[in-house]
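Below is one structure, written out as structure tokens; comments come after it.
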Amino acid sequence: MDEKQLFDVALDAKSVLDANQRGKHTLPSAGPYTHQWLWDSCFIAIGLRHYDITRAQDEILSLLKAQWSNGMLPHMIFSSSDSHSKDKDIWRSWLSLYAPDDYATSGITQPPMLAEAIVQIGKKLDKQSMRSWYQTVYPALLKYHQWLYKERDPHHEGLVLQIHPYETGLDNTPPWIHELHEHHKPWWVRGIEKANLQRFGRLFRRDLKHIKSEERINDIDALLYYSALLRLRRKRYDIDLILKHSLFSIEDLTFNSIFIRANQHLVSIAKAIGREIDPELLAQFKRSEVALDNLWDAYSSQYYSRDHVSHKLIKIPTIATLMPLYAGCISKERAAALVKHLYSSQSFGTNYPIPSVPASSNWFQPTGYWQGPTWLNTNWLIIDGLKRYGFKDVAEAVSMSSVEMVQAHGCYEYFNPLDGTPAGIPNFSWTASLAIDLIQTSPSMNIKNIDKKLHVPVVDEIIETTEHVEAIN
Ligand code: GLC
């Protein structure tokens with residue numbers, strides 16, 4: 001790709017991010033996603049920082065305003081001013097003592113990408129502004145990490161547990177769907193399945209108005225998500241009640257890998273502003289790095305998520321197996337063993353890597369949401385890990401093929417890993433922002449002075465200029 005083509009990608013990406021902007025935050029896309037999502041906003045800020053640092057900061061600050069008093073950051077903050085304002089009644093966050101009064105939110109979290117986004121923004125600031133940025137966000141960030149340990153690692157195992165597939169961000173990833181069917185299939189869903197009535201559930205599915213059904217989760221799985229949500233809501237999002245009789249909680253590999261990296265970032269943020277982290281919390285960080293090893297299966301040379309109750313690995317391979325590269329705490333030998341999977345076309349080395357499920361898996365469907373497609377956010381995480389382990393060429397190859405897909409087809413939600421064709425929703429914000437970031441952080445694609453080049457005057461500025469000219473005349 002030449003510089004002109006790369007710049008066109010960046011320009012198109014910026015227009016997607018502009019169209020999806022709503023005040024101080026950005027929607028994942030203006031289609032079915034009319035609220036603010038936690039990890040989406042973090043990925044969005046990572047791209048925005050290259051040309052609009054204030055907007056990147058606002059994106060993060062707008063997440064913090066809805067933090068629960070116990071420290072949780074909710075995975076969705078509902079918009080009240082749109083046609084989907086009823087969505088908040090599904091979650092009813094106000095049932096929890098800890099939910100904020102001013103914002104309706106979901107009652108669960110999403111992978112803790114916050115620290116990464118904060119640090120990436122910090123890299124674009126001078127020393128003094130970086131410090132004041134860190135000082136502003138540090139208390140909320142620290143409280144979030146403390147909450148994760150307190151509520152989600154009740155037995156001090158070092159691994160935090162998740163209670164709903166939405167918490168992983170990889171909604172229908174096979175290990176979670178497998179566990180949902182095993183441990184969380186209420187009688188009424190069994191009844192609907194037996195009578196083959198699930199298609200009626202479609203009447204309530206807004207996502208299918210925008211996307212083909214084969215690119216989304218199936219109807220029974222959608223009902224299982226809903227019933228898992230109802231259970232959390234019945235327990236008023238109180239973790240003690242939730243875990244009391246539940247057989248359904250998972251120490252998710254992607255979530256824990258991201259958390260380990262986020263802890264490393266938290267330490268560096270604290271250091272930059274001269275804050276001491278409680279030694280007990282530091283010991284928990286260490287324990288998490290060590291505990292990741294419990295998710296390794298030497299027989300298949302892969303990492304897996306683990307059932308929190310039985311402590312059994314859920315041995316269904318997915319892209320999560322590569323996420324410890326991002327965690328950064330595994331040995332170089334282990335990292336090299338993971339990279340091998342990227343060289344096999346039967347595994348993760350498809351024509352347009354990295355598929356969310358290996359190509360040889362029985363679960364693999366090239367456009368099946370988190371059961372096959374290539375997504376830019378998971379690519380971004382793995383690229384970042386590859387770079388830190390010194391696999392620079394592989395990282396560059398994945399960056400280039402990610403940007404190529406966007407250049408050829410636009411900022412789609414995800415792509416077919418076999419031929420790079422687009423799927424899901426068009427004009428998807430994190431695809432746009434991460435395309436910009438991958439271009440800017442790649443040694444061979446980087447556009448010089450992108451901030452100035454992308455600064456297209458906004459309408460108000462144009463009007464002001466015209467008035468100014470008229471005044472002079
Ligand atoms: C879907 C994705 C999730 C994302 C959300 C909003 O639920 O699985 O990762 O945060 O959409 O884009």
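The way I read the labels, and the way they are meant: chains A, B, ... in the order of the structure tokens, residue 1 as the first residue of every chain, and ligand 1 as the first ligand shown, with later ones counted on from there.
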
Could you list, as JSON, numbers by chain, all the residues within 8 Å of ligand 1, counting only C-alpha atoms and all ligand atoms? {"A": [28, 29, 33, 36, 37, 38, 39, 40, 75, 110, 166, 168, 169, 170, 171, 172, 369, 370, 428]}

List the neighbours of Thr421 of chain A out to 10 Å using only C-alpha atoms; skip same-chain residues closer than 5 positions along the sequence, and give me the result as JSON, numbers by chain.
{"A": [352, 366, 367, 373, 405, 406, 408, 409, 412, 414, 415, 416]}

Just write the chosen residues, N, CA and C atoms, as a tab-separated table (two decimals), in the first residue's frame.
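File result28.tsv, as written:
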chain	number	residue	atom	x	y	z
A	352	TYR	N	-5.95	-14.48	5.96
A	352	TYR	CA	-6.13	-13.18	6.63
A	352	TYR	C	-6.24	-13.40	8.13
A	366	PRO	N	-16.37	-19.21	9.07
A	366	PRO	CA	-15.60	-18.00	8.70
A	366	PRO	C	-16.30	-16.67	8.95
A	367	THR	N	-17.65	-16.67	8.99
A	367	THR	CA	-18.31	-15.39	9.29
A	367	THR	C	-19.18	-15.50	10.55
A	373	PRO	N	-14.31	-15.49	12.47
A	373	PRO	CA	-13.80	-14.27	11.82
A	373	PRO	C	-12.56	-13.66	12.46
A	405	MET	N	-7.31	-5.41	4.76
A	405	MET	CA	-8.75	-5.76	4.73
A	405	MET	C	-9.60	-4.49	4.83
A	406	VAL	N	-9.16	-3.57	5.70
A	406	VAL	CA	-9.92	-2.33	5.88
A	406	VAL	C	-9.81	-1.48	4.60
A	408	ALA	N	-9.41	-2.54	1.58
A	408	ALA	CA	-10.18	-3.12	0.48
A	408	ALA	C	-11.69	-2.99	0.68
A	409	HIS	N	-12.15	-3.04	1.93
A	409	HIS	CA	-13.60	-3.16	2.14
A	409	HIS	C	-14.23	-2.12	3.06
A	412	TYR	N	-15.39	-2.59	8.53
A	412	TYR	CA	-16.40	-3.56	8.97
A	412	TYR	C	-16.09	-4.08	10.36
A	414	TYR	N	-15.99	-7.22	11.39
A	414	TYR	CA	-15.03	-8.33	11.34
A	414	TYR	C	-14.90	-8.81	9.90
A	415	PHE	N	-13.97	-9.76	9.67
A	415	PHE	CA	-13.65	-10.17	8.31
A	415	PHE	C	-13.50	-11.69	8.23
A	416	ASN	N	-13.78	-12.20	7.04
A	416	ASN	CA	-13.61	-13.64	6.81
A	416	ASN	C	-12.11	-13.94	6.74

From A:Trp133, A:Trp188, A:Ile53, A:Asp384, residue lying nearest Ser442 of chain A [only C-alpha atoms]
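Between A:Trp133, A:Trp188, A:Ile53, A:Asp384, the residue approaching Ser442 of chain A most closely is A:Asp384.
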
- Task: Based on DSSP run over this structure's backbone, return all residues of segment 216-446 of chain A in strand (DSSP E), as a ChimeraX atom specification.
- Result: /A:250-251,296-297,302-303,306-307,414-415,422-423

Open item on the list: For a quick check of understanding, using only C-alpha atoms, which of A:Leu295, A:Met72, A:Leu338, A:Leu266 has the smallest distance to Lys150 of chain A?
Closed with: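 Comparing A:Leu295, A:Met72, A:Leu338, A:Leu266 against Lys150 of chain A, the winner is A:Met72.
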
Atom CA of Ala272 of chain A sits from atom CA of Ser129 of chain A at a separation of 11.7 Å

Using only C-alpha atoms, the best pick from A:Thr109, A:Gln162, A:Gln5, A:Ser401 as closest to Asp307 of chain A would be A:Gln162

Quick one: residues within 12 Å of His156 of chain A, only C-alpha atoms, excluding same-chain residues fewer than 2 positions away - as a PDB file with N, CA and C atoms, in the first residue's frame?
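This went into selection-v1.pdb:
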ATOM      1  N   LEU A 148     -11.842  -5.821  41.039  1.00  0.00           N
ATOM      2  CA  LEU A 148     -11.692  -7.098  40.323  1.00  0.00           C
ATOM      3  C   LEU A 148     -11.125  -8.178  41.249  1.00  0.00           C
ATOM      4  N   TYR A 149     -10.128  -7.806  42.057  1.00  0.00           N
ATOM      5  CA  TYR A 149      -9.580  -8.808  42.974  1.00  0.00           C
ATOM      6  C   TYR A 149     -10.572  -9.163  44.082  1.00  0.00           C
ATOM      7  N   LYS A 150     -11.227  -8.128  44.618  1.00  0.00           N
ATOM      8  CA  LYS A 150     -12.097  -8.369  45.773  1.00  0.00           C
ATOM      9  C   LYS A 150     -13.291  -9.251  45.393  1.00  0.00           C
ATOM     10  N   GLU A 151     -13.949  -8.891  44.305  1.00  0.00           N
ATOM     11  CA  GLU A 151     -15.180  -9.622  43.963  1.00  0.00           C
ATOM     12  C   GLU A 151     -14.931 -10.821  43.065  1.00  0.00           C
ATOM     13  N   ARG A 152     -13.912 -10.748  42.253  1.00  0.00           N
ATOM     14  CA  ARG A 152     -13.779 -11.770  41.223  1.00  0.00           C
ATOM     15  C   ARG A 152     -12.653 -12.776  41.478  1.00  0.00           C
ATOM     16  N   ASP A 153     -11.956 -12.605  42.605  1.00  0.00           N
ATOM     17  CA  ASP A 153     -10.946 -13.613  42.959  1.00  0.00           C
ATOM     18  C   ASP A 153     -11.163 -13.973  44.436  1.00  0.00           C
ATOM     19  N   PRO A 154     -12.349 -14.542  44.726  1.00  0.00           N
ATOM     20  CA  PRO A 154     -12.724 -14.719  46.138  1.00  0.00           C
ATOM     21  C   PRO A 154     -11.780 -15.645  46.900  1.00  0.00           C
ATOM     22  N   GLY A 158      -5.492 -15.804  42.140  1.00  0.00           N
ATOM     23  CA  GLY A 158      -4.704 -15.041  41.160  1.00  0.00           C
ATOM     24  C   GLY A 158      -5.434 -14.895  39.833  1.00  0.00           C
ATOM     25  N   LEU A 159      -6.474 -15.696  39.621  1.00  0.00           N
ATOM     26  CA  LEU A 159      -7.241 -15.596  38.380  1.00  0.00           C
ATOM     27  C   LEU A 159      -8.615 -15.031  38.703  1.00  0.00           C
ATOM     28  N   VAL A 160      -9.056 -14.057  37.915  1.00  0.00           N
ATOM     29  CA  VAL A 160     -10.377 -13.481  38.187  1.00  0.00           C
ATOM     30  C   VAL A 160     -11.437 -14.208  37.357  1.00  0.00           C
ATOM     31  N   LEU A 161     -12.624 -14.324  37.925  1.00  0.00           N
ATOM     32  CA  LEU A 161     -13.677 -15.086  37.248  1.00  0.00           C
ATOM     33  C   LEU A 161     -14.676 -14.144  36.572  1.00  0.00           C
ATOM     34  N   GLU A 280       0.157  -5.549  49.435  1.00  0.00           N
ATOM     35  CA  GLU A 280      -0.733  -6.713  49.288  1.00  0.00           C
ATOM     36  C   GLU A 280      -1.305  -6.806  47.871  1.00  0.00           C
ATOM     37  N   LEU A 281      -1.618  -5.640  47.329  1.00  0.00           N
ATOM     38  CA  LEU A 281      -2.134  -5.614  45.960  1.00  0.00           C
ATOM     39  C   LEU A 281      -1.023  -6.013  44.981  1.00  0.00           C
ATOM     40  N   ALA A 283       1.327  -8.015  45.608  1.00  0.00           N
ATOM     41  CA  ALA A 283       1.483  -9.471  45.724  1.00  0.00           C
ATOM     42  C   ALA A 283       0.401 -10.173  44.899  1.00  0.00           C
ATOM     43  N   GLN A 284      -0.787  -9.563  44.853  1.00  0.00           N
ATOM     44  CA  GLN A 284      -1.850 -10.158  44.026  1.00  0.00           C
ATOM     45  C   GLN A 284      -1.492 -10.096  42.546  1.00  0.00           C
ATOM     46  N   PHE A 285      -0.882  -8.981  42.144  1.00  0.00           N
ATOM     47  CA  PHE A 285      -0.461  -8.857  40.736  1.00  0.00           C
ATOM     48  C   PHE A 285       0.500 -10.002  40.390  1.00  0.00           C
ATOM     49  N   LYS A 286       1.443 -10.225  41.300  1.00  0.00           N
ATOM     50  CA  LYS A 286       2.455 -11.267  41.071  1.00  0.00           C
ATOM     51  C   LYS A 286       1.778 -12.641  40.980  1.00  0.00           C
ATOM     52  N   ARG A 287       0.838 -12.845  41.930  1.00  0.00           N
ATOM     53  CA  ARG A 287       0.146 -14.140  41.968  1.00  0.00           C
ATOM     54  C   ARG A 287      -0.580 -14.397  40.641  1.00  0.00           C
ATOM     55  N   SER A 288      -1.136 -13.354  40.061  1.00  0.00           N
ATOM     56  CA  SER A 288      -1.857 -13.533  38.790  1.00  0.00           C
ATOM     57  C   SER A 288      -0.906 -13.987  37.686  1.00  0.00           C
ATOM     58  N   ALA A 291      -0.198 -17.532  38.288  1.00  0.00           N
ATOM     59  CA  ALA A 291      -1.381 -18.386  38.128  1.00  0.00           C
ATOM     60  C   ALA A 291      -1.736 -18.644  36.669  1.00  0.00           C
TER      61      ALA A 291
END

Near Ala115 of chain A, within 9 Å and counting only C-alpha atoms, which residues show up once chain neighbours fewer than 5 positions away are dropped, as number ranges by chain?
A: 42, 120, 141, 261-266, 269

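Considering only C-alpha atoms, the residue among A:His341, A:Arg49, A:Lys332, A:His178 positioned nearest to Ile319 of chain A is A:His341.
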
Show me, as JSON lines, the residues of segment 395-430 of chain A having an atom within 9 Å of segment 1-4 of chain A, each with the closest atom pair and its distance in Å, using only C-alpha atoms.
{"residue": "A:Met400", "atom": "CA", "partner": "A:Met1", "partner_atom": "CA", "distance": 8.9}
{"residue": "A:Glu404", "atom": "CA", "partner": "A:Met1", "partner_atom": "CA", "distance": 7.9}
{"residue": "A:Gln407", "atom": "CA", "partner": "A:Met1", "partner_atom": "CA", "distance": 8.9}

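When only C-alpha atoms are used to compute distances to Phe78 of chain A, the closest of the residues A:Gln135, A:Asn256, A:Thr34, A:Asn446 turns out to be A:Thr34.
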
_Interatomic distance, atom CA of Val267 of chain A to atom CA of Val137 of chain A (Å, one decimal)_ =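 Separation between atom CA of Val267 of chain A and atom CA of Val137 of chain A: 13.5 Å.
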